[in-house]
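Down below is the structure, laid out as structure tokens.
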Amino acid sequence: MQCATKLMEFNLENPLTNFNTIPSLFLLESDHMPTLKATDIDVCFRQEAICLISQLSCKFHPFISYLAVNYLDRFLSSQPIPQNKTWVLRLIAISCVSLAAKMNRTDFSLAEFQGDGGFMFDARTIERMEFLILGALKWRMRSITPFSFISFFIPFLKLKDPALGQALKARAVEIIFKAQTVTKLLEFKPSIIAASAFLFASHELFPLQFPCYHKAISSCLYVHKENLLKCYKWVQKIGKEREEGSMMDMASSWNTAVNVLDQQFSCSESGNGSAITTAALSVRREREMKRRKMNGYPNNETAHLSQVQHC
């Protein structure tokens, strides 16, 4: 496929080439969202397609799988899908992964790529579906996702130590990966999902600084406060689930927040002083207590989030 193979490689954290400013990302992000509400999307079809995409892209970089699901969601919201036709689901999933791999200039063989199970499609059939997807997406393949706003939200916490900033980023990345499987979150803009992920990560890793961090983010002109609170409630549920399954594997290439903080504990000095170290230690104790709980999640974070709005 000549058109797709010539697409420029890009980074999900820096998707745009002609518009490199933050305002451009916020202005254009709606163009890279599904056009239907989450309630109008066939959840079962979507979940089956996501599972298939995960299987097909297991040997690739996790960003390829994420990008493929983004293509899937935008395609499903603009195209009626025939029901009870397994081969259609498989062809869509294969084509989405193929396009995502080409966007990342990842070499692959169609035969090896499709595996041994299910329907096998020739190159021409996959190419036709790729063009159908490209048309539905209006050729907007350089998707603006929550990853595009990582560099924007990290500085709000004003961490002086790079290791702590990496810890915050790593935890937020885990949440963003997991959030993609929740159909309800398709209603929120990528920037809101990113902000919610960073809020959850900051509360978990730096609880003493959380009120200031939330105040700074909610004061941002680009952030809708009401939508942020709604999205954050969903992210709370996602973040507090046990860390298991394929989404954790997707983020395995990143340093985990715990590992980075463990390194920080051994240092005698911190760029942000003893307050950060004390907060990090308290997080470890809090995590240990949470692991012992079998069911139920406290809602004190949400209450806290509502209260700090009046600071």
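Each chain in the structure tokens gets a letter, A, B and so on, in the order shown; residues start at 1 in every chain, and ligands are counted from 1 in the order they appear.
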Next item on the list: Compile the contact shell of region 91-98 of chain A as a PyMOL selection string: residues with an atom at most 8 Å away, counting only C-alpha atoms, same-chain residues fewer than 2 positions apart removed.
Entry: chain A and resi 49-50+52-53+56-57+64-65+67-69+71-72+87-89+100-102+114+121+126-127+129-130+133
Dump as an mmCIF file, in the first residue's frame, selection limited to C-alpha atoms:
data_model
loop_
_atom_site.group_PDB
_atom_site.id
_atom_site.type_symbol
_atom_site.label_atom_id
_atom_site.label_comp_id
_atom_site.auth_asym_id
_atom_site.auth_seq_id
_atom_site.Cartn_x
_atom_site.Cartn_y
_atom_site.Cartn_z
ATOM 1 C CA ALA A 49 -11.713 -6.007 18.658
ATOM 2 C CA ILE A 50 -9.438 -4.606 21.390
ATOM 3 C CA LEU A 52 -7.737 -9.103 18.981
ATOM 4 C CA ILE A 53 -5.631 -5.966 18.464
ATOM 5 C CA LEU A 56 -1.959 -9.100 16.885
ATOM 6 C CA SER A 57 0.352 -6.385 18.194
ATOM 7 C CA ILE A 64 1.219 0.683 18.228
ATOM 8 C CA SER A 65 -1.562 -1.160 20.002
ATOM 9 C CA LEU A 67 -2.785 3.872 18.240
ATOM 10 C CA ALA A 68 -4.613 0.962 16.579
ATOM 11 C CA VAL A 69 -7.389 1.123 19.179
ATOM 12 C CA TYR A 71 -8.191 4.193 14.901
ATOM 13 C CA LEU A 72 -10.712 1.489 15.791
ATOM 14 C CA TRP A 87 -14.350 -12.087 9.741
ATOM 15 C CA VAL A 88 -15.324 -8.387 9.610
ATOM 16 C CA LEU A 89 -14.118 -7.833 13.157
ATOM 17 C CA ALA A 100 -0.546 1.891 13.230
ATOM 18 C CA ALA A 101 2.568 -0.163 12.468
ATOM 19 C CA LYS A 102 3.105 1.728 9.220
ATOM 20 C CA GLN A 114 -2.055 -12.530 11.080
ATOM 21 C CA PHE A 121 -6.667 -12.160 4.358
ATOM 22 C CA ILE A 126 -6.367 -5.594 3.884
ATOM 23 C CA GLU A 127 -5.407 -2.658 1.679
ATOM 24 C CA MET A 129 -10.052 -2.005 4.420
ATOM 25 C CA GLU A 130 -7.149 0.319 5.214
ATOM 26 C CA ILE A 133 -10.537 3.326 7.545
#
Next item on the list: Fewer than 4 positions away in the same chain doesn't count, so skip those; otherwise give me all residues within 10 Å of region 192-195 of chain A, counting only C-alpha atoms, as a PyMOL selection string.
Entry: chain A and resi 145-150+152-154+172-173+175-176+179-180+185-188+199-201+214+217-218+222-225+227-232+234-235
Please produce an output containing N, CA, C and O atoms for each residue in the selection, written as a CSV table (one decimal), in the first residue's frame.
chain,number,residue,atom,x,y,z
A,145,THR,N,-3.7,12.1,21.3
A,145,THR,CA,-4.2,11.3,22.4
A,145,THR,C,-3.8,11.9,23.8
A,145,THR,O,-3.1,12.9,23.8
A,146,PRO,N,-4.2,11.2,24.9
A,146,PRO,CA,-3.7,11.7,26.2
A,146,PRO,C,-2.2,11.9,26.3
A,146,PRO,O,-1.7,12.7,27.0
A,147,PHE,N,-1.5,11.0,25.5
A,147,PHE,CA,0.0,11.1,25.6
A,147,PHE,C,0.5,12.4,25.1
A,147,PHE,O,1.6,12.8,25.4
A,148,SER,N,-0.3,13.0,24.2
A,148,SER,CA,0.2,14.3,23.6
A,148,SER,C,0.2,15.4,24.6
A,148,SER,O,0.9,16.5,24.4
A,149,PHE,N,-0.4,15.2,25.8
A,149,PHE,CA,-0.4,16.3,26.8
A,149,PHE,C,0.4,16.0,28.0
A,149,PHE,O,0.4,16.7,29.0
A,150,ILE,N,1.2,15.0,27.9
A,150,ILE,CA,2.1,14.6,29.0
A,150,ILE,C,3.1,15.7,29.4
A,150,ILE,O,3.2,16.1,30.6
A,152,PHE,N,2.8,18.7,28.9
A,152,PHE,CA,2.1,20.0,29.3
A,152,PHE,C,1.8,19.9,30.8
A,152,PHE,O,1.9,20.9,31.5
A,153,PHE,N,1.3,18.7,31.3
A,153,PHE,CA,0.8,18.6,32.7
A,153,PHE,C,1.9,18.3,33.7
A,153,PHE,O,1.7,18.7,34.9
A,154,ILE,N,3.0,17.7,33.4
A,154,ILE,CA,4.0,17.4,34.3
A,154,ILE,C,4.6,18.6,35.1
A,154,ILE,O,4.7,18.6,36.3
A,172,ALA,N,1.2,7.8,35.5
A,172,ALA,CA,0.2,8.4,34.6
A,172,ALA,C,0.1,7.6,33.3
A,172,ALA,O,-1.1,7.4,32.8
A,173,VAL,N,1.2,7.2,32.8
A,173,VAL,CA,1.2,6.4,31.5
A,173,VAL,C,0.4,5.1,31.7
A,173,VAL,O,-0.3,4.6,30.9
A,175,ILE,N,-2.0,4.5,33.8
A,175,ILE,CA,-3.4,4.8,33.9
A,175,ILE,C,-4.0,5.1,32.5
A,175,ILE,O,-5.1,4.6,32.2
A,176,ILE,N,-3.2,5.8,31.7
A,176,ILE,CA,-3.7,6.1,30.3
A,176,ILE,C,-3.9,4.9,29.5
A,176,ILE,O,-4.9,4.7,28.8
A,179,ALA,N,-7.0,3.1,30.8
A,179,ALA,CA,-8.2,3.9,30.6
A,179,ALA,C,-8.8,3.7,29.2
A,179,ALA,O,-10.0,3.8,29.0
A,180,GLN,N,-7.9,3.3,28.2
A,180,GLN,CA,-8.4,3.1,26.8
A,180,GLN,C,-9.4,2.0,26.7
A,180,GLN,O,-10.2,2.0,25.8
A,185,LEU,N,-15.0,6.3,28.9
A,185,LEU,CA,-14.0,7.4,28.8
A,185,LEU,C,-13.9,8.0,27.4
A,185,LEU,O,-13.2,9.0,27.2
A,186,LEU,N,-14.5,7.3,26.4
A,186,LEU,CA,-14.4,7.8,25.0
A,186,LEU,C,-15.2,9.2,24.9
A,186,LEU,O,-15.0,9.9,24.0
A,187,GLU,N,-16.0,9.5,25.9
A,187,GLU,CA,-16.7,10.8,25.9
A,187,GLU,C,-15.9,12.0,26.3
A,187,GLU,O,-16.2,13.1,26.1
A,188,PHE,N,-14.7,11.7,26.9
A,188,PHE,CA,-13.9,12.8,27.4
A,188,PHE,C,-12.7,13.1,26.4
A,188,PHE,O,-12.2,12.2,25.8
A,199,LEU,N,-3.6,13.6,37.9
A,199,LEU,CA,-4.1,13.9,39.2
A,199,LEU,C,-4.1,12.7,40.1
A,199,LEU,O,-3.7,12.7,41.2
A,200,PHE,N,-4.5,11.6,39.5
A,200,PHE,CA,-4.5,10.3,40.3
A,200,PHE,C,-3.1,9.9,40.7
A,200,PHE,O,-2.8,9.6,41.8
A,201,ALA,N,-2.2,10.0,39.7
A,201,ALA,CA,-0.8,9.7,40.0
A,201,ALA,C,-0.2,10.6,41.1
A,201,ALA,O,0.6,10.2,41.9
A,214,HIS,N,-3.7,20.0,42.0
A,214,HIS,CA,-5.1,20.1,41.4
A,214,HIS,C,-5.5,21.5,41.2
A,214,HIS,O,-6.2,21.8,40.1
A,217,ILE,N,-3.9,22.7,37.9
A,217,ILE,CA,-4.5,22.1,36.7
A,217,ILE,C,-5.9,22.6,36.5
A,217,ILE,O,-6.3,23.0,35.3
A,218,SER,N,-6.7,22.7,37.5
A,218,SER,CA,-8.1,23.2,37.4
A,218,SER,C,-8.2,24.6,37.0
A,218,SER,O,-9.2,25.1,36.5
A,222,TYR,N,-7.5,25.7,29.6
A,222,TYR,CA,-7.9,24.7,28.6
A,222,TYR,C,-8.6,23.5,29.2
A,222,TYR,O,-9.1,22.7,28.5
A,223,VAL,N,-8.7,23.5,30.6
A,223,VAL,CA,-9.3,22.4,31.3
A,223,VAL,C,-10.7,22.7,31.8
A,223,VAL,O,-10.9,23.7,32.5
A,224,HIS,N,-11.7,21.9,31.4
A,224,HIS,CA,-13.1,22.0,31.8
A,224,HIS,C,-13.2,21.4,33.2
A,224,HIS,O,-13.1,20.2,33.3
A,225,LYS,N,-13.5,22.2,34.2
A,225,LYS,CA,-13.4,21.7,35.6
A,225,LYS,C,-14.5,20.5,35.9
A,225,LYS,O,-14.2,19.5,36.5
A,227,ASN,N,-15.9,18.5,33.7
A,227,ASN,CA,-15.6,17.2,33.0
A,227,ASN,C,-14.3,16.6,33.6
A,227,ASN,O,-14.2,15.4,33.7
A,228,LEU,N,-13.5,17.4,34.2
A,228,LEU,CA,-12.3,16.9,34.9
A,228,LEU,C,-12.7,16.1,36.1
A,228,LEU,O,-12.2,15.0,36.3
A,229,LEU,N,-13.6,16.6,36.9
A,229,LEU,CA,-14.1,15.9,38.0
A,229,LEU,C,-14.8,14.6,37.7
A,229,LEU,O,-14.6,13.5,38.3
A,230,LYS,N,-15.6,14.6,36.6
A,230,LYS,CA,-16.3,13.4,36.2
A,230,LYS,C,-15.3,12.3,35.7
A,230,LYS,O,-15.4,11.1,36.0
A,231,CYS,N,-14.4,12.8,34.9
A,231,CYS,CA,-13.4,11.8,34.4
A,231,CYS,C,-12.5,11.3,35.5
A,231,CYS,O,-12.1,10.1,35.5
A,232,TYR,N,-12.2,12.1,36.4
A,232,TYR,CA,-11.3,11.7,37.5
A,232,TYR,C,-11.9,10.6,38.4
A,232,TYR,O,-11.3,9.7,38.8
A,234,TRP,N,-13.8,8.3,37.2
A,234,TRP,CA,-13.6,7.0,36.5
A,234,TRP,C,-12.2,6.5,36.6
A,234,TRP,O,-11.9,5.3,36.7
A,235,VAL,N,-11.3,7.5,36.5
A,235,VAL,CA,-9.9,7.1,36.6
A,235,VAL,C,-9.5,6.6,38.0
A,235,VAL,O,-8.7,5.7,38.1
Item checked: Polymer residues at most 10 Å from Lys158 (chain A), only C-alpha atoms, same-chain spacing of 3 or more positions, as a list in words -> Phe153, Ile154, Pro155, Asp161, Gly165, Gln209, Tyr213 and Asn272 of chain A
Note to self: According to DSSP computed on the backbone, where in region 22-259 of chain A is there helix (DSSP H, G or I)? Give the residues as a ChimeraX atom specification.
What the structure shows: /A:22-32,38-40,43-56,62-76,86-103,110-114,123-136,146-157,162-179,183-187,190-205,207-218,225-239,246-253,257-259
Next item on the list: Determine, counting only C-alpha atoms, which protein, DNA and RNA residues have an atom within 10 Å of an atom of Arg140 (chain A); residues of the same chain fewer than 4 positions away are not included. Present the result as an MDAnalysis selection string.
Entry: chainID A and resid 31:32 71 134:136 144
Check: Pick the closest to Gly239 (chain A) from A:Leu137, A:Val182, A:Cys58, A:Ile41: which is it, counting only C-alpha atoms?
Finding: A:Val182
